[in-house]
Structures are given as C-alpha cells and as structure tokens.
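Listing of structure08.txt; format and content: compact mmCIF, C-alpha atoms.
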```
# COMPACT_ATOMS: atom_id res chain seq x y z
CA MET A 11 19.37 -18.93 3.03
CA ALA A 12 16.67 -21.58 3.31
CA LYS A 13 13.21 -20.71 2.05
CA VAL A 14 9.93 -22.12 3.33
CA LYS A 15 6.70 -22.35 1.29
CA MET A 16 3.93 -20.57 3.22
CA GLY A 17 1.02 -21.05 0.79
CA PRO A 18 -0.87 -18.10 -0.77
CA GLY A 19 -1.28 -15.23 1.74
CA TYR A 20 -1.48 -11.47 2.20
CA ASN A 21 2.21 -10.90 2.83
CA ILE A 22 2.90 -7.39 1.60
CA TYR A 23 4.59 -5.11 4.15
CA PRO A 24 3.86 -2.44 5.18
CA MET A 25 0.27 -1.40 4.48
CA PRO A 26 -1.38 1.94 5.26
CA ALA A 27 -4.33 2.16 7.65
CA LEU A 28 -6.79 4.32 5.73
CA LEU A 29 -10.29 5.49 6.54
CA VAL A 30 -12.35 5.20 3.36
CA GLY A 31 -15.50 7.29 3.42
CA ALA A 32 -18.80 7.27 1.54
CA ASN A 33 -22.25 8.67 2.05
CA VAL A 34 -24.71 5.81 2.56
CA ASP A 35 -28.26 7.07 2.02
CA GLY A 36 -26.86 10.57 2.52
CA LYS A 37 -25.15 9.78 5.81
CA PRO A 38 -21.35 9.66 6.13
CA ASN A 39 -19.74 6.35 7.01
CA PHE A 40 -16.11 5.32 7.26
CA LEU A 41 -14.35 1.97 6.90
CA THR A 42 -10.79 1.04 7.78
CA VAL A 43 -8.97 -0.17 4.67
CA ALA A 44 -5.40 -1.48 4.66
CA TRP A 45 -5.55 -2.62 1.04
CA GLY A 46 -5.27 0.71 -0.75
CA ASN A 47 -2.60 2.64 -2.61
CA ILE A 48 -1.98 4.94 -5.55
CA ALA A 49 -2.78 3.20 -8.86
CA ASN A 50 -1.82 5.75 -11.52
CA ALA A 51 0.24 8.93 -11.88
CA GLU A 52 -1.26 10.85 -14.79
CA PRO A 53 -4.04 11.38 -13.94
CA PRO A 54 -3.63 10.62 -10.21
CA MET A 55 -5.75 7.62 -9.18
CA ALA A 56 -6.10 5.57 -6.01
CA SER A 57 -7.32 2.01 -5.49
CA VAL A 58 -9.10 0.54 -2.47
CA ALA A 59 -10.20 -3.07 -2.00
CA ILE A 60 -13.49 -3.41 -0.13
CA ARG A 61 -15.22 -6.60 0.95
CA ALA A 62 -18.65 -7.07 -0.63
CA SER A 63 -20.47 -7.14 2.71
CA ARG A 64 -19.21 -3.77 3.98
CA HIS A 65 -21.74 -0.97 4.51
CA THR A 66 -19.48 1.69 2.98
CA ARG A 67 -19.66 -0.13 -0.34
CA ILE A 68 -23.35 0.76 -0.67
CA GLY A 69 -22.46 4.45 -0.53
CA ILE A 70 -19.70 4.13 -3.10
CA GLU A 71 -22.15 2.46 -5.48
CA GLN A 72 -24.81 5.12 -4.81
CA ASN A 73 -22.60 8.15 -5.47
CA LYS A 74 -19.66 6.74 -7.47
CA THR A 75 -17.43 8.73 -5.14
CA PHE A 76 -15.36 7.90 -2.08
CA SER A 77 -12.80 9.53 0.16
CA VAL A 78 -9.46 8.30 1.45
CA ASN A 79 -8.50 9.79 4.81
CA VAL A 80 -4.97 9.30 6.14
CA PRO A 81 -5.00 9.16 9.95
CA SER A 82 -2.22 10.05 12.37
CA THR A 83 -1.00 7.74 15.11
CA ASN A 84 -3.17 9.55 17.69
CA LEU A 85 -6.26 8.14 15.92
CA VAL A 86 -5.24 4.49 16.27
CA LYS A 87 -8.28 3.56 18.39
CA GLU A 88 -10.69 5.22 15.97
CA VAL A 89 -8.98 3.57 13.01
CA ASP A 90 -9.24 0.14 14.55
CA TYR A 91 -12.83 0.71 15.66
CA CYS A 92 -13.92 1.67 12.12
CA GLY A 93 -12.65 -1.70 10.92
CA VAL A 94 -14.47 -3.64 13.63
CA ALA A 95 -17.85 -1.82 13.81
CA SER A 96 -20.41 -1.66 11.00
CA GLY A 97 -22.20 1.49 9.84
CA SER A 98 -25.30 -0.63 9.35
CA LYS A 99 -25.59 -0.89 13.15
CA VAL A 100 -23.83 2.11 14.69
CA ASP A 101 -23.01 5.72 13.84
CA LYS A 102 -19.22 5.57 13.61
CA VAL A 103 -18.93 9.34 13.10
CA LYS A 104 -20.66 9.91 16.44
CA THR A 105 -18.70 7.26 18.33
CA CYS A 106 -15.39 8.53 16.98
CA GLN A 107 -16.41 12.20 17.29
CA PHE A 108 -15.27 12.86 13.75
CA THR A 109 -15.93 16.29 12.27
CA VAL A 110 -17.02 15.68 8.67
CA PHE A 111 -16.62 18.14 5.81
CA TYR A 112 -17.15 17.95 2.05
CA GLY A 113 -15.07 19.20 -0.85
CA LYS A 114 -15.63 19.63 -4.57
CA LEU A 115 -17.35 16.27 -5.14
CA GLY A 116 -19.99 17.03 -2.52
CA THR A 117 -20.69 13.36 -1.71
CA ALA A 118 -17.31 12.10 -0.47
CA PRO A 119 -17.20 12.72 3.30
CA LEU A 120 -13.84 13.90 4.68
CA ILE A 121 -12.58 13.68 8.27
CA GLU A 122 -11.22 16.94 9.62
CA GLN A 123 -9.12 15.17 12.28
CA CYS A 124 -7.18 13.27 9.60
CA PRO A 125 -4.26 15.36 8.30
CA VAL A 126 -4.69 14.27 4.67
CA ASN A 127 -7.93 13.73 2.76
CA LEU A 128 -8.38 12.56 -0.82
CA GLU A 129 -11.59 13.02 -2.81
CA CYS A 130 -12.02 10.31 -5.44
CA SER A 131 -14.48 9.67 -8.28
CA VAL A 132 -14.89 6.03 -9.31
CA GLN A 133 -13.40 5.27 -12.74
CA HIS A 134 -13.30 1.48 -12.59
CA SER A 135 -14.53 -1.26 -10.29
CA LEU A 136 -13.34 -4.85 -10.51
CA GLU A 137 -15.10 -7.75 -8.81
CA LEU A 138 -12.20 -9.96 -7.80
CA GLY A 139 -14.00 -12.51 -5.61
CA SER A 140 -14.42 -11.53 -1.96
CA HIS A 141 -13.51 -7.88 -2.62
CA THR A 142 -14.32 -5.14 -5.10
CA LEU A 143 -11.31 -3.12 -6.21
CA TYR A 144 -12.44 0.48 -6.71
CA ILE A 145 -10.16 2.72 -8.73
CA GLY A 146 -10.91 6.39 -8.26
CA ARG A 147 -9.51 9.49 -9.86
CA ILE A 148 -8.08 11.75 -7.14
CA GLU A 149 -9.96 14.98 -7.76
CA GLU A 150 -8.63 16.97 -4.82
CA VAL A 151 -6.37 16.54 -1.80
CA HIS A 152 -6.96 18.48 1.41
CA ALA A 153 -4.30 18.86 4.09
CA SER A 154 -4.42 20.18 7.63
CA SER A 155 -2.60 23.50 7.69
CA ASP A 156 -0.71 22.58 10.86
CA CYS A 157 0.95 19.68 8.98
CA LEU A 158 2.44 21.96 6.34
CA ILE A 159 5.85 23.59 6.24
CA GLU A 160 6.25 26.22 3.54
CA GLY A 161 3.16 24.84 1.81
CA LYS A 162 4.37 21.23 1.71
CA LEU A 163 3.23 18.30 3.82
CA ASP A 164 5.65 17.47 6.60
CA LEU A 165 5.46 13.76 7.33
CA GLY A 166 6.90 14.21 10.81
CA LYS A 167 3.72 16.17 11.55
CA VAL A 168 1.38 13.86 9.61
CA LYS A 169 2.67 10.89 11.69
CA PRO A 170 1.02 8.22 9.54
CA LEU A 171 0.05 4.83 10.95
CA VAL A 172 1.93 1.86 9.56
CA PHE A 173 -0.04 -1.39 9.46
CA LEU A 174 1.69 -4.74 9.42
CA ALA A 175 -0.79 -7.47 8.62
CA GLU A 176 -0.23 -11.22 8.67
CA PRO A 177 0.48 -12.73 11.07
CA SER A 178 0.75 -10.15 13.88
CA ARG A 179 -1.82 -7.51 12.77
CA GLN A 180 -0.37 -4.51 14.55
CA TYR A 181 -0.20 -0.75 14.06
CA TYR A 182 3.17 0.99 14.22
CA ALA A 183 4.53 4.51 13.93
CA MET A 184 7.12 5.24 11.30
CA GLY A 185 10.63 4.62 12.61
CA GLU A 186 14.16 5.69 11.80
CA LEU A 187 15.09 7.23 8.49
CA GLN A 188 16.89 4.71 6.25
CA GLY A 189 17.71 6.93 3.30
CA LYS A 190 16.54 9.39 0.68
CA ALA A 191 14.85 7.91 -2.38
CA TYR A 192 16.35 8.47 -5.84
CA LYS A 193 19.62 9.17 -4.06
CA ILE A 194 20.88 6.41 -1.74
CA GLY A 195 20.69 3.86 -4.56
CA LEU A 196 23.04 5.88 -6.75
CA GLU A 197 25.92 4.57 -4.62
CA LEU A 198 25.52 1.24 -6.44
CA LYS A 199 26.05 2.84 -9.86
CA GLU A 200 29.79 2.25 -9.51
CA LYS A 201 29.18 -1.51 -9.24
CA GLU A 202 27.38 -1.69 -12.61
CA MET B 19 -8.50 22.84 12.13
CA ALA B 20 -7.94 24.73 8.90
CA LYS B 21 -7.67 22.72 5.71
CA VAL B 22 -5.68 23.66 2.61
CA LYS B 23 -6.43 22.44 -0.93
CA MET B 24 -3.29 20.79 -2.33
CA GLY B 25 -4.58 19.75 -5.77
CA PRO B 26 -4.65 16.10 -6.93
CA GLY B 27 -1.57 14.20 -5.69
CA TYR B 28 -0.18 10.86 -4.52
CA ASN B 29 -0.78 11.42 -0.82
CA ILE B 30 -1.30 7.97 0.62
CA TYR B 31 0.95 7.11 3.59
CA PRO B 32 2.75 4.84 4.06
CA MET B 33 3.63 2.81 0.98
CA PRO B 34 5.69 -0.37 0.80
CA ALA B 35 8.95 -0.47 -1.16
CA LEU B 36 8.60 -3.67 -3.20
CA LEU B 37 10.84 -5.30 -5.75
CA VAL B 38 8.61 -6.56 -8.57
CA GLY B 39 10.29 -9.18 -10.74
CA ALA B 40 9.72 -10.56 -14.22
CA ASN B 41 11.73 -12.49 -16.77
CA VAL B 42 12.38 -10.28 -19.79
CA ASP B 43 13.45 -12.44 -22.75
CA GLY B 44 14.23 -15.15 -20.20
CA LYS B 45 16.43 -12.94 -18.02
CA PRO B 46 15.34 -11.84 -14.53
CA ASN B 47 14.80 -8.14 -13.94
CA PHE B 48 13.49 -6.27 -10.90
CA LEU B 49 11.77 -2.92 -10.51
CA THR B 50 11.08 -0.94 -7.35
CA VAL B 51 7.34 -0.43 -6.93
CA ALA B 52 5.76 1.62 -4.14
CA TRP B 53 2.27 1.42 -5.62
CA GLY B 54 1.33 -2.12 -4.73
CA ASN B 55 -0.83 -3.89 -2.18
CA ILE B 56 -3.17 -6.81 -1.65
CA ALA B 57 -6.31 -6.50 -3.82
CA ASN B 58 -8.45 -9.47 -2.83
CA ALA B 59 -8.75 -12.01 -0.01
CA GLU B 60 -10.43 -15.08 -1.53
CA PRO B 61 -8.53 -15.93 -3.64
CA PRO B 62 -5.48 -13.92 -2.52
CA MET B 63 -4.49 -11.34 -5.14
CA ALA B 64 -1.98 -8.50 -5.30
CA SER B 65 -1.94 -5.36 -7.44
CA VAL B 66 1.09 -3.44 -8.72
CA ALA B 67 1.05 -0.25 -10.79
CA ILE B 68 3.84 -0.10 -13.37
CA ARG B 69 4.67 2.78 -15.71
CA ALA B 70 4.34 1.88 -19.39
CA SER B 71 7.98 2.62 -20.17
CA ARG B 72 9.47 0.24 -17.59
CA HIS B 73 11.52 -2.74 -18.82
CA THR B 74 9.94 -5.15 -16.30
CA ARG B 75 6.58 -4.62 -17.96
CA ILE B 76 7.79 -6.41 -21.10
CA GLY B 77 8.48 -9.52 -19.04
CA ILE B 78 5.10 -9.43 -17.32
CA GLU B 79 3.40 -9.26 -20.73
CA GLN B 80 5.58 -12.11 -22.08
CA ASN B 81 4.93 -14.56 -19.25
CA LYS B 82 1.75 -13.25 -17.58
CA THR B 83 3.53 -13.78 -14.29
CA PHE B 84 5.39 -11.52 -11.87
CA SER B 85 6.89 -11.68 -8.41
CA VAL B 86 6.59 -9.34 -5.45
CA ASN B 87 9.65 -9.38 -3.19
CA VAL B 88 9.49 -7.67 0.20
CA PRO B 89 12.93 -6.30 1.14
CA SER B 90 14.35 -5.65 4.60
CA THR B 91 15.86 -2.34 5.67
CA ASN B 92 19.38 -3.66 5.00
CA LEU B 93 18.54 -3.69 1.26
CA VAL B 94 17.64 0.01 1.08
CA LYS B 95 20.39 0.84 -1.41
CA GLU B 96 19.45 -2.04 -3.70
CA VAL B 97 15.77 -1.10 -3.49
CA ASP B 98 16.46 2.49 -4.44
CA TYR B 99 18.86 1.47 -7.19
CA CYS B 100 16.26 -0.82 -8.82
CA GLY B 101 13.95 2.17 -9.11
CA VAL B 102 16.58 4.42 -10.67
CA ALA B 103 18.36 2.03 -13.08
CA SER B 104 16.77 0.34 -16.10
CA GLY B 105 17.09 -3.33 -16.99
CA SER B 106 17.24 -2.28 -20.64
CA LYS B 107 20.72 -0.88 -19.98
CA VAL B 108 22.19 -2.70 -16.97
CA ASP B 109 21.97 -6.10 -15.26
CA LYS B 110 20.41 -5.14 -11.94
CA VAL B 111 20.72 -8.69 -10.58
CA LYS B 112 24.49 -8.52 -11.07
CA THR B 113 24.89 -5.01 -9.67
CA CYS B 114 22.80 -5.84 -6.60
CA GLN B 115 24.31 -9.33 -6.24
CA PHE B 116 20.85 -10.83 -5.92
CA THR B 117 20.57 -14.61 -5.80
CA VAL B 118 17.54 -15.50 -7.95
CA PHE B 119 15.40 -18.59 -7.54
CA TYR B 120 12.12 -19.78 -9.07
CA GLY B 121 9.05 -21.38 -7.56
CA LYS B 122 5.98 -23.15 -8.92
CA LEU B 123 5.29 -20.66 -11.73
CA GLY B 124 8.78 -21.09 -13.17
CA THR B 125 8.88 -17.63 -14.81
CA ALA B 126 8.51 -15.28 -11.82
CA PRO B 127 12.04 -14.59 -10.52
CA LEU B 128 12.39 -14.43 -6.72
CA ILE B 129 15.14 -12.76 -4.68
CA GLU B 130 16.66 -14.99 -2.03
CA GLN B 131 17.90 -11.99 0.01
CA CYS B 132 14.33 -10.68 0.43
CA PRO B 133 12.63 -12.33 3.42
CA VAL B 134 9.22 -12.63 1.70
CA ASN B 135 8.52 -13.52 -1.93
CA LEU B 136 5.15 -13.74 -3.67
CA GLU B 137 4.59 -15.56 -6.97
CA CYS B 138 1.73 -14.05 -8.95
CA SER B 139 -0.12 -14.96 -12.15
CA VAL B 140 -1.77 -12.06 -13.99
CA GLN B 141 -5.58 -12.15 -13.79
CA HIS B 142 -6.38 -8.60 -14.91
CA SER B 143 -4.51 -5.63 -16.32
CA LEU B 144 -5.96 -2.14 -16.49
CA GLU B 145 -4.48 0.65 -18.59
CA LEU B 146 -5.11 3.69 -16.40
CA GLY B 147 -3.08 6.31 -18.28
CA SER B 148 0.59 6.51 -17.38
CA HIS B 149 0.52 3.18 -15.53
CA THR B 150 -0.79 -0.34 -16.03
CA LEU B 151 -2.37 -1.85 -12.93
CA TYR B 152 -1.59 -5.57 -12.90
CA ILE B 153 -3.68 -7.74 -10.64
CA GLY B 154 -2.15 -11.12 -9.98
CA ARG B 155 -3.35 -14.16 -8.12
CA ILE B 156 -0.86 -15.00 -5.36
CA GLU B 157 -0.01 -18.61 -6.17
CA GLU B 158 2.67 -19.14 -3.53
CA VAL B 159 4.50 -17.22 -0.80
CA HIS B 160 8.07 -18.08 0.15
CA ALA B 161 9.65 -16.92 3.40
CA SER B 162 13.21 -16.99 4.66
CA SER B 163 13.42 -19.58 7.42
CA ASP B 164 15.41 -17.26 9.68
CA CYS B 165 12.43 -14.84 9.73
CA LEU B 166 10.06 -17.45 11.12
CA ILE B 167 9.14 -18.15 14.73
CA GLU B 168 7.17 -21.35 15.21
CA GLY B 169 6.36 -21.37 11.50
CA LYS B 170 5.00 -17.82 11.41
CA LEU B 171 6.63 -14.72 9.97
CA ASP B 172 8.10 -12.47 12.63
CA LEU B 173 7.95 -8.89 11.42
CA GLY B 174 10.70 -7.81 13.81
CA LYS B 175 12.96 -10.12 11.79
CA VAL B 176 11.48 -9.20 8.38
CA LYS B 177 12.21 -5.50 9.12
CA PRO B 178 10.20 -4.14 6.17
CA LEU B 179 11.02 -0.81 4.54
CA VAL B 180 8.41 1.89 4.91
CA PHE B 181 8.25 4.37 2.03
CA LEU B 182 6.81 7.83 2.50
CA ALA B 183 6.32 9.49 -0.87
CA GLU B 184 5.28 13.08 -1.56
CA PRO B 185 6.86 15.37 -0.78
CA SER B 186 9.92 14.01 1.05
CA ARG B 187 10.43 10.64 -0.70
CA GLN B 188 12.24 8.82 2.07
CA TYR B 189 12.62 5.28 3.33
CA TYR B 190 12.01 4.51 6.99
CA ALA B 191 12.08 1.52 9.30
CA MET B 192 8.95 0.59 11.22
CA GLY B 193 8.76 2.43 14.52
CA GLU B 194 7.03 2.01 17.85
CA LEU B 195 4.07 -0.27 18.32
CA GLN B 196 0.81 1.71 18.52
CA GLY B 197 -1.63 -1.08 19.20
CA LYS B 198 -3.01 -4.46 18.25
CA ALA B 199 -5.53 -4.52 15.41
CA TYR B 200 -9.06 -5.82 16.04
CA LYS B 201 -8.42 -5.10 19.71
CA ILE B 202 -7.41 -1.53 20.55
CA GLY B 203 -10.51 -0.16 18.79
CA LEU B 204 -12.83 -2.18 21.00
CA GLU B 205 -12.22 0.41 23.74
CA LEU B 206 -14.51 2.75 21.78
CA LYS B 207 -17.42 0.29 21.88
CA GLU B 208 -18.54 1.81 25.16
CA LYS B 209 -18.97 5.20 23.46
CA GLU B 210 -21.43 3.83 20.88
```

In structure tokens, what does this structure look like?
Amino acid sequence: MAKVKMGPGYNIYPMPALLVGANVDGKPNFLTVAWGNIANAEPPMASVAIRASRHTRIGIEQNKTFSVNVPSTNLVKEVDYCGVASGSKVDKVKTCQFTVFYGKLGTAPLIEQCPVNLECSVQHSLELGSHTLYIGRIEEVHASSDCLIEGKLDLGKVKPLVFLAEPSRQYYAMGELQGKAYKIGLELKEKE
Amino acid sequence: MAKVKMGPGYNIYPMPALLVGANVDGKPNFLTVAWGNIANAEPPMASVAIRASRHTRIGIEQNKTFSVNVPSTNLVKEVDYCGVASGSKVDKVKTCQFTVFYGKLGTAPLIEQCPVNLECSVQHSLELGSHTLYIGRIEEVHASSDCLIEGKLDLGKVKPLVFLAEPSRQYYAMGELQGKAYKIGLELKEKE
C-alpha cells in the first residue's frame, strides 16, 4: 500500500464534540472543544486544549475549575454555535436556551440538556504554543436519569456526537457496533 | 430533567481507538490507546495517556519518539488485541501481521495497514498518577494513497473506529452525518 506524506496535521479520528464550561466574571460560558479526552485513571483526570484567545479560558483561570459537558446528537446546532460565537460578545447560554446548574465545585457550570456532565478542578496547565492544555481532576460526574438503565449510562440513549476533523469537519452519530472491547481481540490469541 | 451523581469516572464520549507505537530495545511494539487527541495547533501536537506498566512506555522513554496510528474498522480485532496482549510476552507485530515502516524520525514505528500514521517527538511528559501523559510534536503525517481524494483524506475511506468506553466498552463505526462544522451552528445566530 503506497503512503503519501501529508505534512504535520491534526489527523486523529474520531474526536468528541464537548462543551467546556467556565464562569467568566461569575457568568457561565461554554466553548466547543474537540481536543479533549481522559488523561489519567487513578485519580480520574480529563484534559482539554483551549486556544489562548478564547473567552472561556478567562473563567478557567479565575476559578481553576471547568466543566466538560457531553452533548447528544440533538444538540448539534448548539454545539457548533458555541464553537463559532464568542462569550465576549454574546450570551451563548441565552441563545442556546441552556439550563445551567452547579455541582460540588460551585463554579463549574453544567448544562442540564447534556446527558453527561463532568466537574473538573485544574491540576496542571501547559502552555503548548497556540493552546493551553488544562488537566483537571474529575471531581464528580452527573448523568441525566433518562439515559440510565439499572443505574448505568446507556450509550444508545446518550447518543454522543462524533466529530471528524481534517479535512471534512463534520459531525456524525455513532454507527454500527463493530465489537466488544477486551473480547473481540482474544480471537487473535491463537495466532500468537 | 433529573440528574444523578455517578461519582468520578471516565465519561467522555466518543474516544478514538489508536495504536500507539514505539521501538522497545529496537523492536517495534504497539499499544491500543483510547485516551489520546490533538493537544495544540501551532505547532501541531498530540497527547497520549499511557499506564506506567505498559511495555510501549519503555520504548517512548528510550527514543523520546512515538507514533499514533489510526486504524480502520476492518482492524477491530487487531486493535482490541493490542490492548489486551503485552509486548513483554508476545510479538504483537507478528500476531497481527502488521507491516511496519519508518518515517523521518527513524524510531517511531508506523503500521502500513492503518490509513493514517503520525510521527511524534516527545516535548513534555506529565506523571499524573496511574498514567503518564506524553505530549508529542507531530513531525509528519503519512496517509494511505487509496484513502485520498484529490490529495485530501476521505473519511468515508478511512473508516475510523469509534470507541465508547464506560460502561459498555464497545467499538463502533461512524454513523449518519449530523451536520457540517462551522456551518450548522450559524442557524442559531438569528436567536442571539
């Protein structure tokens, strides 16, 4: 198979489409972030990369807390809007008609309409160039009760957005099941 | 909508299913990593979280380089296997029948069967507890020529794996298109 050199780029697939929240001067603001993930298991931590110019960054620096809200596919317009608009000019909470609540940290705004909400306290921040990588300890996770089955999150109900970045920049739903992790790979054990 | 406290967890959706590569004592080894993403735009950087006990980590420390290989759905068994098996005991490259090649860094092994391959040089490493978060500058991206249309990656050909972690731990394909980024959200501008 022939390979072609593409030059350095952002070619990791897929990415989540997360709404990262912070209180800026006491007012909740949310930013769409595709460059986030879990960073550590014990204790649970999450990382989010945020461009220096973004309004939400001011709030993270003020409170040393942030939220990560996982949206469902039905929020695709709101998700995209929060990446295009700036909280320095408009009230995104009002435009998107988000209902905001707070958890144990008190300063990390959470979106009720998102089925999963993480409250994070900043443990590290790394200035990498254009972006600051914030690493936050996940202090609490909130889930919408209608996305739970027997107390566990059901991902068919969460319906997370899948973001595919360069070059097409499109949002997708999750598709067909390909296999169960820690199980389907065991079939290769006999080839060892 | 009622919310339920779930306690701290790893509830970011979706995650990629990446094969992170390193040469351990000169021999290529690959590890499945769901906790990775882009970390910076200028210059392009990627982050991967790797548990301290993993064999691949030795190679990253030896060479200060690693690769990120993006698999297609047809590699789901190999991807899962590389997360279950350990390179300290078996030759994963042989079991998975991967064809390995090297790029400009020389020490970051790349998998020909994966449609997208990133070569990274370690810029930062953070010990967060159970995991080390490696942040690497993306020095080059290689793409399989049969996944390109007019020189650009076509994600319908790449067919990336989508990993949904807690609690179901399953691999999915990408599903239906939900909208174009930086466009579908503009419909909300009129509600500002």

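Distance-wise, atom CA of B:Ala103 and atom CA of A:Lys199 end up 8.4 Å apart.
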
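Of the listed residues (A:Leu29, A:Ala153, A:Leu163, A:Val89), A:Val89 comes nearest to B:Ile202; the distances count all atoms listed in the file.
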
Exercise. Pick out the closest residue to B:Ser104 from this set: B:Lys21, B:Lys122, B:Lys82, B:Arg75. Count all atoms listed in the file.
Key: B:Arg75

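Interatomic distance, atom CA of B:Lys45 against atom CA of B:Glu79: 13.8 Å.
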
Practice problem: Pick out the residues sitting within 8 Å of A:Val151, and hand them over as a PyMOL selection string; count only C-alpha atoms, and ignore anything fewer than 3 positions along from it in its own chain. | Solution: (chain A and resi 126-129+148) or (chain B and resi 23-27+29)

Quiz prompt | Selection as a ChimeraX atom specification: residues within 12 Å of (-11.4, 5.1, 17.8), counting all atoms listed in the file | solution = /A:29,40-42,81-95,102-108,123 /B:197,199-210

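With all atoms listed in the file as the atoms that count, the residue of B:Ser162, B:Val51, B:Glu145, B:Lys177 with the shortest distance to chain A is B:Ser162.
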
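Atom pair atom CA of A:Thr66 / atom CA of A:Ala32: separated by 5.8 Å.
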
Quiz item: Which is closer to chain A than all the others in B:His73, B:Arg155, B:His142, B:His160, using all atoms listed in the file?
Solution: B:His160

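Contact shell of B:Ala70 at 10 Å (only C-alpha atoms; same-chain neighbours under 5 positions omitted): Arg75, Ile76, Glu145, Gly147, Ser148, His149 and Thr150 of chain B.
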
Serialized selection, C-alpha atoms, as a JSON list (two decimals), keeping the file's coordinate frame:
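Writing done, so here's again-v5.json:
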```json
[["chain", "number", "residue", "atom", "x", "y", "z"],
["B", 75, "ARG", "CA", 6.58, -4.62, -17.96],
["B", 76, "ILE", "CA", 7.79, -6.41, -21.10],
["B", 145, "GLU", "CA", -4.48, 0.65, -18.59],
["B", 147, "GLY", "CA", -3.08, 6.31, -18.28],
["B", 148, "SER", "CA", 0.59, 6.51, -17.38],
["B", 149, "HIS", "CA", 0.52, 3.18, -15.53],
["B", 150, "THR", "CA", -0.79, -0.34, -16.03]]
```

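For A:Ile145, the residues within 10 Å (counting only C-alpha atoms, excluding itself and residues fewer than 3 positions away along the chain) are Gly46, Asn47, Ile48, Ala49, Asn50, Met55, Ala56, Ser57, Val58, Ala59, Phe76, Cys130, Ser131, Val132, Gln133, His134, Ser135, Leu136, Thr142 and Ile148 of chain A; Leu146 and Leu151 of chain B.
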
Self-check item: A:Ala183 environment, 9 Å, only C-alpha atoms, sequence neighbours closer than 4 positions dropped, as an MDAnalysis selection string
Solution: (chainID A and resid 82:83 169:173) or (chainID B and resid 192:196)

Quiz item: Using all atoms listed in the file, which residues sit within 10 Å of B:Glu184 once same-chain residues fewer than 2 positions away are excluded, as a PyMOL selection string?
Solution: (chain A and resi 162-165) or (chain B and resi 27-31+181-182+186-188)

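Between chain B and the residues A:Ser63, A:Asn73, A:Ser155, A:Thr109, the shortest atom-to-atom distance, using all atoms listed in the file, involves A:Ser155.
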
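Ranking A:Gly31, A:Gln72, A:Glu150, A:Ile121 by their shortest atom-to-atom distance to chain B, with all atoms listed in the file included, puts A:Glu150 first.
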